[in-house]
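As provided, coords23.txt (compact mmCIF, N, CA and C atoms) reads as follows.
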# COMPACT_ATOMS: atom_id res chain seq x y z
N MET A 815 -50.99 15.30 -85.15
CA MET A 815 -50.90 16.55 -85.89
C MET A 815 -49.52 17.18 -85.65
N PRO A 816 -48.87 17.61 -86.71
CA PRO A 816 -47.54 18.21 -86.55
C PRO A 816 -47.59 19.52 -85.76
N VAL A 817 -46.47 19.83 -85.11
CA VAL A 817 -46.41 21.04 -84.29
C VAL A 817 -46.57 22.29 -85.15
N PHE A 818 -45.97 22.29 -86.34
CA PHE A 818 -46.15 23.41 -87.27
C PHE A 818 -47.37 23.07 -88.12
N GLN A 819 -48.47 23.78 -87.92
CA GLN A 819 -49.71 23.43 -88.61
C GLN A 819 -49.63 23.62 -90.12
N ASN A 820 -48.75 24.52 -90.57
CA ASN A 820 -48.59 24.72 -91.99
C ASN A 820 -47.20 25.32 -92.26
N THR A 821 -46.86 25.41 -93.52
CA THR A 821 -45.54 25.90 -93.91
C THR A 821 -45.32 27.35 -93.48
N GLU A 822 -46.36 28.17 -93.57
CA GLU A 822 -46.23 29.58 -93.17
C GLU A 822 -45.81 29.72 -91.71
N ILE A 823 -46.43 28.94 -90.84
CA ILE A 823 -46.09 28.99 -89.41
C ILE A 823 -44.65 28.51 -89.20
N MET A 824 -44.27 27.46 -89.92
CA MET A 824 -42.91 26.95 -89.81
C MET A 824 -41.91 28.01 -90.28
N TYR A 825 -42.18 28.63 -91.43
CA TYR A 825 -41.28 29.66 -91.94
C TYR A 825 -41.21 30.85 -90.98
N ASP A 826 -42.33 31.25 -90.44
CA ASP A 826 -42.35 32.38 -89.51
C ASP A 826 -41.52 32.06 -88.27
N THR A 827 -41.69 30.87 -87.73
CA THR A 827 -40.98 30.50 -86.51
C THR A 827 -39.50 30.26 -86.76
N LEU A 828 -39.18 29.36 -87.67
CA LEU A 828 -37.77 29.01 -87.91
C LEU A 828 -37.03 30.13 -88.63
N GLY A 829 -37.72 30.83 -89.51
CA GLY A 829 -37.09 31.97 -90.18
C GLY A 829 -36.69 33.04 -89.18
N THR A 830 -37.57 33.31 -88.22
CA THR A 830 -37.25 34.28 -87.16
C THR A 830 -36.07 33.80 -86.33
N LEU A 831 -36.06 32.52 -85.98
CA LEU A 831 -34.96 31.96 -85.20
C LEU A 831 -33.64 32.12 -85.94
N PHE A 832 -33.61 31.72 -87.20
CA PHE A 832 -32.36 31.76 -87.95
C PHE A 832 -31.89 33.19 -88.23
N LYS A 833 -32.83 34.09 -88.48
CA LYS A 833 -32.45 35.50 -88.70
C LYS A 833 -31.88 36.09 -87.41
N THR A 834 -32.49 35.77 -86.29
CA THR A 834 -31.98 36.25 -85.00
C THR A 834 -30.60 35.66 -84.74
N LEU A 835 -30.44 34.39 -85.06
CA LEU A 835 -29.16 33.71 -84.86
C LEU A 835 -28.05 34.34 -85.72
N LEU A 836 -28.37 34.66 -86.97
CA LEU A 836 -27.37 35.29 -87.85
C LEU A 836 -26.89 36.63 -87.29
N ASN A 837 -27.77 37.31 -86.56
CA ASN A 837 -27.42 38.61 -85.98
C ASN A 837 -26.83 38.49 -84.58
N ASP A 838 -26.79 37.27 -84.03
CA ASP A 838 -26.26 37.06 -82.69
C ASP A 838 -24.73 37.17 -82.70
N PRO A 839 -24.14 37.94 -81.78
CA PRO A 839 -22.69 38.10 -81.78
C PRO A 839 -21.93 36.80 -81.50
N GLY A 840 -22.58 35.82 -80.88
CA GLY A 840 -21.92 34.54 -80.61
C GLY A 840 -21.97 33.57 -81.78
N PHE A 841 -22.86 33.82 -82.73
CA PHE A 841 -23.02 32.91 -83.86
C PHE A 841 -22.68 33.58 -85.19
N GLY A 842 -23.29 34.74 -85.45
CA GLY A 842 -23.19 35.39 -86.75
C GLY A 842 -21.79 35.52 -87.30
N PRO A 843 -20.87 36.17 -86.58
CA PRO A 843 -19.52 36.35 -87.13
C PRO A 843 -18.79 35.01 -87.38
N LYS A 844 -18.97 34.05 -86.49
CA LYS A 844 -18.32 32.75 -86.67
C LYS A 844 -18.90 32.01 -87.88
N PHE A 845 -20.23 32.08 -88.01
CA PHE A 845 -20.88 31.42 -89.14
C PHE A 845 -20.43 32.05 -90.46
N LYS A 846 -20.34 33.37 -90.48
CA LYS A 846 -19.92 34.07 -91.69
C LYS A 846 -18.50 33.68 -92.10
N GLN A 847 -17.64 33.41 -91.11
CA GLN A 847 -16.27 32.98 -91.40
C GLN A 847 -16.25 31.60 -92.09
N GLU A 848 -17.22 30.77 -91.76
CA GLU A 848 -17.26 29.43 -92.34
C GLU A 848 -17.60 29.45 -93.83
N LYS A 849 -18.29 30.49 -94.27
CA LYS A 849 -18.65 30.66 -95.68
C LYS A 849 -19.34 29.43 -96.25
N ILE A 850 -20.39 29.00 -95.55
CA ILE A 850 -21.15 27.85 -96.03
C ILE A 850 -22.63 28.22 -96.14
N ASN A 851 -23.30 27.51 -97.02
CA ASN A 851 -24.75 27.59 -97.13
C ASN A 851 -25.32 26.30 -96.56
N ILE A 852 -26.29 26.44 -95.67
CA ILE A 852 -26.97 25.27 -95.12
C ILE A 852 -28.38 25.24 -95.70
N HIS A 853 -28.77 24.10 -96.18
CA HIS A 853 -30.09 23.92 -96.78
C HIS A 853 -30.86 22.91 -95.95
N PHE A 854 -31.95 23.36 -95.35
CA PHE A 854 -32.83 22.48 -94.60
C PHE A 854 -33.98 22.09 -95.51
N ILE A 855 -34.20 20.80 -95.65
CA ILE A 855 -35.35 20.28 -96.40
C ILE A 855 -36.25 19.66 -95.34
N ILE A 856 -37.39 20.28 -95.15
CA ILE A 856 -38.26 19.91 -94.04
C ILE A 856 -39.56 19.31 -94.58
N SER A 857 -40.00 18.26 -93.92
CA SER A 857 -41.27 17.63 -94.27
C SER A 857 -42.25 17.79 -93.11
N ASP A 858 -43.50 17.75 -93.44
CA ASP A 858 -44.58 17.73 -92.44
C ASP A 858 -44.54 18.92 -91.49
N PRO A 859 -44.74 20.13 -92.00
CA PRO A 859 -45.13 20.53 -93.36
C PRO A 859 -43.91 20.67 -94.26
N ALA A 860 -44.16 20.58 -95.55
CA ALA A 860 -43.07 20.65 -96.53
C ALA A 860 -42.56 22.07 -96.67
N GLY A 861 -41.25 22.19 -96.72
CA GLY A 861 -40.64 23.50 -96.93
C GLY A 861 -39.14 23.39 -97.00
N GLU A 862 -38.51 24.48 -97.37
CA GLU A 862 -37.06 24.57 -97.44
C GLU A 862 -36.63 25.86 -96.76
N ILE A 863 -35.54 25.79 -96.05
CA ILE A 863 -34.95 26.98 -95.45
C ILE A 863 -33.46 26.96 -95.75
N TRP A 864 -32.96 28.08 -96.22
CA TRP A 864 -31.54 28.26 -96.51
C TRP A 864 -30.96 29.24 -95.52
N ILE A 865 -29.81 28.90 -94.98
CA ILE A 865 -29.06 29.84 -94.16
C ILE A 865 -27.73 30.06 -94.87
N THR A 866 -27.50 31.31 -95.25
CA THR A 866 -26.25 31.67 -95.92
C THR A 866 -25.55 32.68 -95.01
N PRO A 867 -24.30 32.98 -95.26
CA PRO A 867 -23.63 33.98 -94.42
C PRO A 867 -24.30 35.35 -94.46
N GLU A 868 -25.08 35.63 -95.50
CA GLU A 868 -25.70 36.94 -95.64
C GLU A 868 -27.17 36.99 -95.25
N GLU A 869 -27.88 35.86 -95.40
CA GLU A 869 -29.33 35.92 -95.21
C GLU A 869 -29.94 34.55 -94.94
N VAL A 870 -31.22 34.61 -94.54
CA VAL A 870 -32.04 33.41 -94.37
C VAL A 870 -33.12 33.49 -95.44
N ILE A 871 -33.29 32.40 -96.16
CA ILE A 871 -34.30 32.34 -97.22
C ILE A 871 -35.28 31.22 -96.88
N CYS A 872 -36.53 31.56 -96.76
CA CYS A 872 -37.58 30.56 -96.52
C CYS A 872 -38.23 30.26 -97.86
N GLY A 873 -37.98 29.06 -98.36
CA GLY A 873 -38.47 28.66 -99.67
C GLY A 873 -37.30 28.22 -100.53
N SER A 874 -37.60 27.83 -101.75
CA SER A 874 -36.53 27.36 -102.63
C SER A 874 -35.67 28.53 -103.09
N ALA A 875 -34.44 28.22 -103.42
CA ALA A 875 -33.50 29.25 -103.88
C ALA A 875 -32.50 28.61 -104.83
N PRO A 876 -32.02 29.38 -105.80
CA PRO A 876 -31.06 28.84 -106.77
C PRO A 876 -29.63 28.88 -106.21
N LEU A 877 -29.42 28.18 -105.12
CA LEU A 877 -28.13 28.19 -104.43
C LEU A 877 -27.55 26.79 -104.38
N THR A 878 -26.29 26.72 -104.05
CA THR A 878 -25.61 25.45 -103.81
C THR A 878 -25.32 25.38 -102.31
N SER A 879 -25.57 24.22 -101.73
CA SER A 879 -25.32 24.08 -100.29
C SER A 879 -24.08 23.24 -100.05
N GLN A 880 -23.38 23.56 -98.98
CA GLN A 880 -22.27 22.73 -98.54
C GLN A 880 -22.75 21.72 -97.50
N VAL A 881 -23.88 22.05 -96.87
CA VAL A 881 -24.50 21.17 -95.88
C VAL A 881 -26.00 21.12 -96.18
N GLU A 882 -26.53 19.91 -96.23
CA GLU A 882 -27.97 19.72 -96.45
C GLU A 882 -28.51 18.85 -95.33
N MET A 883 -29.55 19.32 -94.68
CA MET A 883 -30.18 18.58 -93.58
C MET A 883 -31.63 18.30 -93.97
N THR A 884 -32.02 17.04 -93.90
CA THR A 884 -33.38 16.63 -94.21
C THR A 884 -34.00 16.09 -92.93
N LEU A 885 -35.15 16.66 -92.56
CA LEU A 885 -35.81 16.26 -91.32
C LEU A 885 -37.26 16.70 -91.32
N ALA A 886 -38.03 16.14 -90.40
CA ALA A 886 -39.43 16.52 -90.24
C ALA A 886 -39.53 17.78 -89.38
N GLY A 887 -40.60 18.51 -89.56
CA GLY A 887 -40.82 19.72 -88.77
C GLY A 887 -40.82 19.43 -87.27
N ASP A 888 -41.44 18.34 -86.86
CA ASP A 888 -41.46 17.99 -85.44
C ASP A 888 -40.05 17.71 -84.91
N THR A 889 -39.23 17.07 -85.72
CA THR A 889 -37.84 16.80 -85.32
C THR A 889 -37.09 18.11 -85.14
N CYS A 890 -37.31 19.03 -86.05
CA CYS A 890 -36.67 20.35 -85.96
C CYS A 890 -37.10 21.05 -84.67
N HIS A 891 -38.38 21.01 -84.38
CA HIS A 891 -38.93 21.63 -83.16
C HIS A 891 -38.28 21.02 -81.91
N LEU A 892 -38.16 19.72 -81.88
CA LEU A 892 -37.54 19.05 -80.73
C LEU A 892 -36.04 19.35 -80.64
N PHE A 893 -35.36 19.43 -81.80
CA PHE A 893 -33.94 19.72 -81.81
C PHE A 893 -33.66 21.08 -81.15
N TRP A 894 -34.43 22.10 -81.51
CA TRP A 894 -34.18 23.44 -80.96
C TRP A 894 -34.56 23.55 -79.50
N GLN A 895 -35.29 22.57 -79.00
CA GLN A 895 -35.57 22.51 -77.56
C GLN A 895 -34.53 21.68 -76.82
N LYS A 896 -33.54 21.18 -77.54
CA LYS A 896 -32.50 20.29 -77.00
C LYS A 896 -33.08 18.96 -76.50
N LYS A 897 -34.17 18.53 -77.12
CA LYS A 897 -34.77 17.24 -76.77
C LYS A 897 -34.30 16.15 -77.72
N ILE A 898 -33.56 16.54 -78.74
CA ILE A 898 -32.96 15.59 -79.68
C ILE A 898 -31.49 15.99 -79.84
N ASN A 899 -30.63 15.02 -79.72
CA ASN A 899 -29.20 15.20 -79.88
C ASN A 899 -28.84 14.91 -81.34
N LEU A 900 -28.09 15.80 -81.99
CA LEU A 900 -27.80 15.64 -83.41
C LEU A 900 -27.11 14.32 -83.75
N PRO A 901 -26.01 13.95 -83.08
CA PRO A 901 -25.39 12.67 -83.45
C PRO A 901 -26.33 11.47 -83.32
N ILE A 902 -27.15 11.46 -82.28
CA ILE A 902 -28.10 10.35 -82.10
C ILE A 902 -29.18 10.39 -83.17
N ALA A 903 -29.69 11.60 -83.48
CA ALA A 903 -30.72 11.74 -84.52
C ALA A 903 -30.17 11.31 -85.88
N LEU A 904 -28.91 11.63 -86.15
CA LEU A 904 -28.29 11.18 -87.39
C LEU A 904 -28.18 9.67 -87.43
N ALA A 905 -27.75 9.09 -86.33
CA ALA A 905 -27.59 7.63 -86.26
C ALA A 905 -28.93 6.91 -86.42
N LYS A 906 -29.99 7.49 -85.88
CA LYS A 906 -31.32 6.87 -85.96
C LYS A 906 -32.07 7.22 -87.23
N GLY A 907 -31.50 8.08 -88.06
CA GLY A 907 -32.14 8.45 -89.31
C GLY A 907 -33.24 9.50 -89.18
N LYS A 908 -33.39 10.10 -88.02
CA LYS A 908 -34.38 11.16 -87.84
C LYS A 908 -33.95 12.43 -88.57
N ILE A 909 -32.65 12.59 -88.70
CA ILE A 909 -32.07 13.69 -89.47
C ILE A 909 -31.09 13.06 -90.44
N LYS A 910 -31.22 13.43 -91.70
CA LYS A 910 -30.27 12.96 -92.72
C LYS A 910 -29.43 14.16 -93.12
N ALA A 911 -28.13 13.96 -93.15
CA ALA A 911 -27.22 15.05 -93.48
C ALA A 911 -26.36 14.68 -94.68
N LYS A 912 -26.17 15.65 -95.55
CA LYS A 912 -25.25 15.52 -96.68
C LYS A 912 -24.27 16.67 -96.57
N GLY A 913 -23.06 16.39 -96.96
CA GLY A 913 -22.04 17.43 -96.91
C GLY A 913 -20.97 17.10 -95.89
N SER A 914 -20.25 18.09 -95.52
CA SER A 914 -19.11 17.93 -94.63
C SER A 914 -19.54 17.71 -93.18
N MET A 915 -19.39 16.49 -92.69
CA MET A 915 -19.74 16.21 -91.29
C MET A 915 -18.86 17.01 -90.32
N PRO A 916 -17.56 17.18 -90.59
CA PRO A 916 -16.78 18.01 -89.68
C PRO A 916 -17.33 19.44 -89.58
N LYS A 917 -17.81 20.00 -90.71
CA LYS A 917 -18.39 21.34 -90.66
C LYS A 917 -19.67 21.34 -89.84
N ILE A 918 -20.49 20.31 -90.03
CA ILE A 918 -21.74 20.21 -89.27
C ILE A 918 -21.44 20.14 -87.78
N MET A 919 -20.51 19.29 -87.40
CA MET A 919 -20.20 19.13 -85.97
C MET A 919 -19.54 20.39 -85.40
N LYS A 920 -18.78 21.11 -86.23
CA LYS A 920 -18.15 22.35 -85.78
C LYS A 920 -19.19 23.43 -85.47
N LEU A 921 -20.33 23.38 -86.18
CA LEU A 921 -21.38 24.38 -85.96
C LEU A 921 -22.14 24.16 -84.66
N LEU A 922 -22.19 22.93 -84.18
CA LEU A 922 -23.01 22.62 -83.00
C LEU A 922 -22.73 23.52 -81.80
N PRO A 923 -21.50 23.70 -81.36
CA PRO A 923 -21.28 24.57 -80.19
C PRO A 923 -21.71 26.02 -80.42
N MET A 924 -21.66 26.45 -81.68
CA MET A 924 -22.05 27.83 -81.99
C MET A 924 -23.56 28.04 -81.89
N LEU A 925 -24.32 26.96 -81.86
CA LEU A 925 -25.78 27.06 -81.83
C LEU A 925 -26.34 27.34 -80.44
N LYS A 926 -25.48 27.39 -79.45
CA LYS A 926 -25.93 27.57 -78.07
C LYS A 926 -26.94 28.72 -77.90
N PRO A 927 -26.75 29.89 -78.50
CA PRO A 927 -27.74 30.96 -78.32
C PRO A 927 -29.14 30.57 -78.81
N ALA A 928 -29.21 29.76 -79.86
CA ALA A 928 -30.51 29.38 -80.41
C ALA A 928 -31.30 28.52 -79.44
N TYR A 929 -30.61 27.67 -78.69
CA TYR A 929 -31.31 26.82 -77.72
C TYR A 929 -31.98 27.67 -76.65
N GLY A 930 -31.37 28.77 -76.28
CA GLY A 930 -31.97 29.67 -75.30
C GLY A 930 -33.11 30.48 -75.88
N MET A 931 -33.03 30.83 -77.16
CA MET A 931 -34.05 31.65 -77.82
C MET A 931 -35.31 30.88 -78.18
N TYR A 932 -35.13 29.64 -78.60
CA TYR A 932 -36.23 28.93 -79.24
C TYR A 932 -37.46 28.72 -78.35
N PRO A 933 -37.34 28.29 -77.11
CA PRO A 933 -38.57 28.06 -76.34
C PRO A 933 -39.47 29.30 -76.24
N ASP A 934 -38.89 30.45 -75.96
CA ASP A 934 -39.71 31.67 -75.87
C ASP A 934 -40.30 32.03 -77.23
N LEU A 935 -39.51 31.87 -78.28
CA LEU A 935 -40.00 32.15 -79.62
C LEU A 935 -41.16 31.22 -79.96
N ALA A 936 -41.00 29.93 -79.71
CA ALA A 936 -42.06 28.96 -80.00
C ALA A 936 -43.34 29.30 -79.23
N ARG A 937 -43.18 29.62 -77.95
CA ARG A 937 -44.36 30.00 -77.15
C ARG A 937 -45.03 31.24 -77.73
N SER A 938 -44.23 32.22 -78.15
CA SER A 938 -44.81 33.46 -78.70
C SER A 938 -45.56 33.19 -79.99
N LYS A 939 -45.25 32.11 -80.68
CA LYS A 939 -45.94 31.74 -81.92
C LYS A 939 -47.10 30.76 -81.63
N GLY A 940 -47.35 30.48 -80.34
CA GLY A 940 -48.46 29.60 -79.97
C GLY A 940 -48.17 28.14 -80.11
N LEU A 941 -46.89 27.76 -80.16
CA LEU A 941 -46.52 26.35 -80.30
C LEU A 941 -46.34 25.68 -78.95
N SER A 942 -46.72 24.44 -78.87
CA SER A 942 -46.58 23.65 -77.67
C SER A 942 -45.13 23.19 -77.50
N LEU A 943 -44.66 23.16 -76.27
CA LEU A 943 -43.30 22.68 -76.01
C LEU A 943 -43.31 21.30 -75.38
N ASP A 944 -44.30 20.50 -75.70
CA ASP A 944 -44.37 19.14 -75.15
C ASP A 944 -43.20 18.31 -75.58
What does this structure look like when you write it as structure tokens?
Amino acid sequence: MPVFQNTEIMYDTLGTLFKTLLNDPGFGPKFKQEKINIHFIISDPAGEIWITPEEVICGSAPLTSQVEMTLAGDTCHLFWQKKINLPIALAKGKIKAKGSMPKIMKLLPMLKPAYGMYPDLARSKGLSLD
């Protein structure tokens, strides 16, 4: 059974994470300077999440992305726990990325605050951290 039992739980959890991240002083201003839209296409459960310099959108949106990441909900859950390394996940096909790889790799160090936030957030939503 997937860690996110349904799309609503996934949107609530990841949407909260990304909204908090956009407001984080270590991530938000740097991300806004990049002026990119990231589109996550998530399976199991199915859903889409957009992160733009201005907002987080859970669901489809009439936007263009500069970076598109396709992955399973469980992979996303493990990534934010730092149990999956992005370059290795890309190499193994657990995460598929389209767009500028240099931009994707440049974002990685900026994600540090999210790794600290996610475990407590996941626990508060009743998710297992196995």
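For the residues A:Pro816, A:Lys846, A:Ala911, A:Ala928, ranking by smallest atom-to-atom distance to Thr884 in chain A using all atoms listed in the file places A:Ala911 first.
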*So which residues of range 822-940 of chain A fall under helix (DSSP H, G or I) by DSSP, listed as a PyMOL selection string?*
chain A and resi 822-836+842-848+887-894+900-906+915-938
*Rank A:Met931, A:Val817, A:Ile855, A:Ile898 by their smallest atom-to-atom distance to Leu885 in chain A, using all atoms listed in the file, and report the top residue only.*
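For Leu885 in chain A, the nearest of the candidates is A:Ile855.
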*Tell me, in Å to one decimal, how far CA of Ser874 in chain A is from CA of Ser857 in chain A.*
13.7 Å
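All residues in range 816-917 of chain A with a DSSP state of strand (DSSP E or B), computed from the backbone, read Ile852, His853, Phe854, Ile855, Ile856, Ser857, Gly861, Glu862, Ile863, Trp864, Ile865, Val870, Ile871, Cys872, Val881, Glu882, Met883, Thr884, Leu885, Ala886, Ile909, Lys910, Ala911, Lys912 and Gly913 of chain A.
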_For CA of Asn851 in chain A and atom N of Lys917 in chain A, the interatomic separation in Å (one decimal)_ =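 About the pair CA of Asn851 in chain A and atom N of Lys917 in chain A: they are 12.1 Å apart.
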*d(atom N of Met915 in chain A, atom C of Asp838 in chain A) in Å*: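 Going from atom N of Met915 in chain A over to atom C of Asp838 in chain A covers 23.6 Å.
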*Which protein, DNA or RNA residues are at most 10 Å from (-38.3, 30.1, -90.9) in the file's coordinates when you count only C-alpha atoms, listed as a list in words?*
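Output of the proximity query reads Thr821, Glu822, Ile823, Met824, Tyr825, Asp826, Thr827, Leu828, Gly829, Thr830, Leu831, Phe832, Lys833, Gly861, Glu862, Ile863, Trp864, Ile865, Val870, Ile871, Cys872 and Gly873 of chain A.
Residue nearest Glu868 in chain A within the list A:Phe854, A:Phe893, A:Phe845, A:Phe818: A:Phe845 [criterion: smallest interatomic distance, only C-alpha atoms].
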*Which residue, A:Met919, A:Ile850, A:Ala875, A:Cys890, has the smallest gap to Ala936 in chain A when you use only C-alpha atoms?*
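Distance minimum relative to Ala936 in chain A lands on A:Cys890.
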*asked:* I'd like to know which of A:Ser942, A:Ser879, A:Thr834, A:Gln895 is closest to Tyr929 in chain A, using all atoms listed in the file.
replied: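 Nearest candidate to Tyr929 in chain A out of A:Ser942, A:Ser879, A:Thr834, A:Gln895: A:Gln895.
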10 Å contact set for Pro927 in chain A, only C-alpha atoms, chain neighbours under 3 positions out, as a PDB file with N, CA and C atoms, in the frame of the given file:
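File result.pdb, as written:
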ATOM      1  N   THR A 834     -32.490  35.770 -86.290  1.00  0.00           N
ATOM      2  CA  THR A 834     -31.980  36.250 -85.000  1.00  0.00           C
ATOM      3  C   THR A 834     -30.600  35.660 -84.740  1.00  0.00           C
ATOM      4  N   LEU A 835     -30.440  34.390 -85.060  1.00  0.00           N
ATOM      5  CA  LEU A 835     -29.160  33.710 -84.860  1.00  0.00           C
ATOM      6  C   LEU A 835     -28.050  34.340 -85.720  1.00  0.00           C
ATOM      7  N   ASP A 838     -26.790  37.270 -84.030  1.00  0.00           N
ATOM      8  CA  ASP A 838     -26.260  37.060 -82.690  1.00  0.00           C
ATOM      9  C   ASP A 838     -24.730  37.170 -82.700  1.00  0.00           C
ATOM     10  N   PRO A 839     -24.140  37.940 -81.780  1.00  0.00           N
ATOM     11  CA  PRO A 839     -22.690  38.100 -81.780  1.00  0.00           C
ATOM     12  C   PRO A 839     -21.930  36.800 -81.500  1.00  0.00           C
ATOM     13  N   GLY A 840     -22.580  35.820 -80.880  1.00  0.00           N
ATOM     14  CA  GLY A 840     -21.920  34.540 -80.610  1.00  0.00           C
ATOM     15  C   GLY A 840     -21.970  33.570 -81.780  1.00  0.00           C
ATOM     16  N   PHE A 841     -22.860  33.820 -82.730  1.00  0.00           N
ATOM     17  CA  PHE A 841     -23.020  32.910 -83.860  1.00  0.00           C
ATOM     18  C   PHE A 841     -22.680  33.580 -85.190  1.00  0.00           C
ATOM     19  N   PRO A 923     -21.500  23.700 -81.360  1.00  0.00           N
ATOM     20  CA  PRO A 923     -21.280  24.570 -80.190  1.00  0.00           C
ATOM     21  C   PRO A 923     -21.710  26.020 -80.420  1.00  0.00           C
ATOM     22  N   MET A 924     -21.660  26.450 -81.680  1.00  0.00           N
ATOM     23  CA  MET A 924     -22.050  27.830 -81.990  1.00  0.00           C
ATOM     24  C   MET A 924     -23.560  28.040 -81.890  1.00  0.00           C
ATOM     25  N   GLY A 930     -31.370  28.770 -76.280  1.00  0.00           N
ATOM     26  CA  GLY A 930     -31.970  29.670 -75.300  1.00  0.00           C
ATOM     27  C   GLY A 930     -33.110  30.480 -75.880  1.00  0.00           C
ATOM     28  N   MET A 931     -33.030  30.830 -77.160  1.00  0.00           N
ATOM     29  CA  MET A 931     -34.050  31.650 -77.820  1.00  0.00           C
ATOM     30  C   MET A 931     -35.310  30.880 -78.180  1.00  0.00           C
ATOM     31  N   TYR A 932     -35.130  29.640 -78.600  1.00  0.00           N
ATOM     32  CA  TYR A 932     -36.230  28.930 -79.240  1.00  0.00           C
ATOM     33  C   TYR A 932     -37.460  28.720 -78.350  1.00  0.00           C
TER      34      TYR A 932
END
Would you place a box with edges along x, y and z of the file around all atoms of range 930-942 of chain A listed there, add 6 Å to each of its six sides, and report the centre and edge lengths in Å to one decimal, as lines of an AutoDock Vina configuration file?
center_x = -39.9
center_y = 28.3
center_z = -78.6
size_x = 29.1
size_y = 22.3
size_z = 18.6
*Restricting the calculation to only C-alpha atoms, which member of A:Ile852, A:Met815, A:Leu836, A:Val881 is positioned closest to Pro916 in chain A?*
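Checking each of A:Ile852, A:Met815, A:Leu836, A:Val881 against Pro916 in chain A, counting only C-alpha atoms, the winner is A:Val881.
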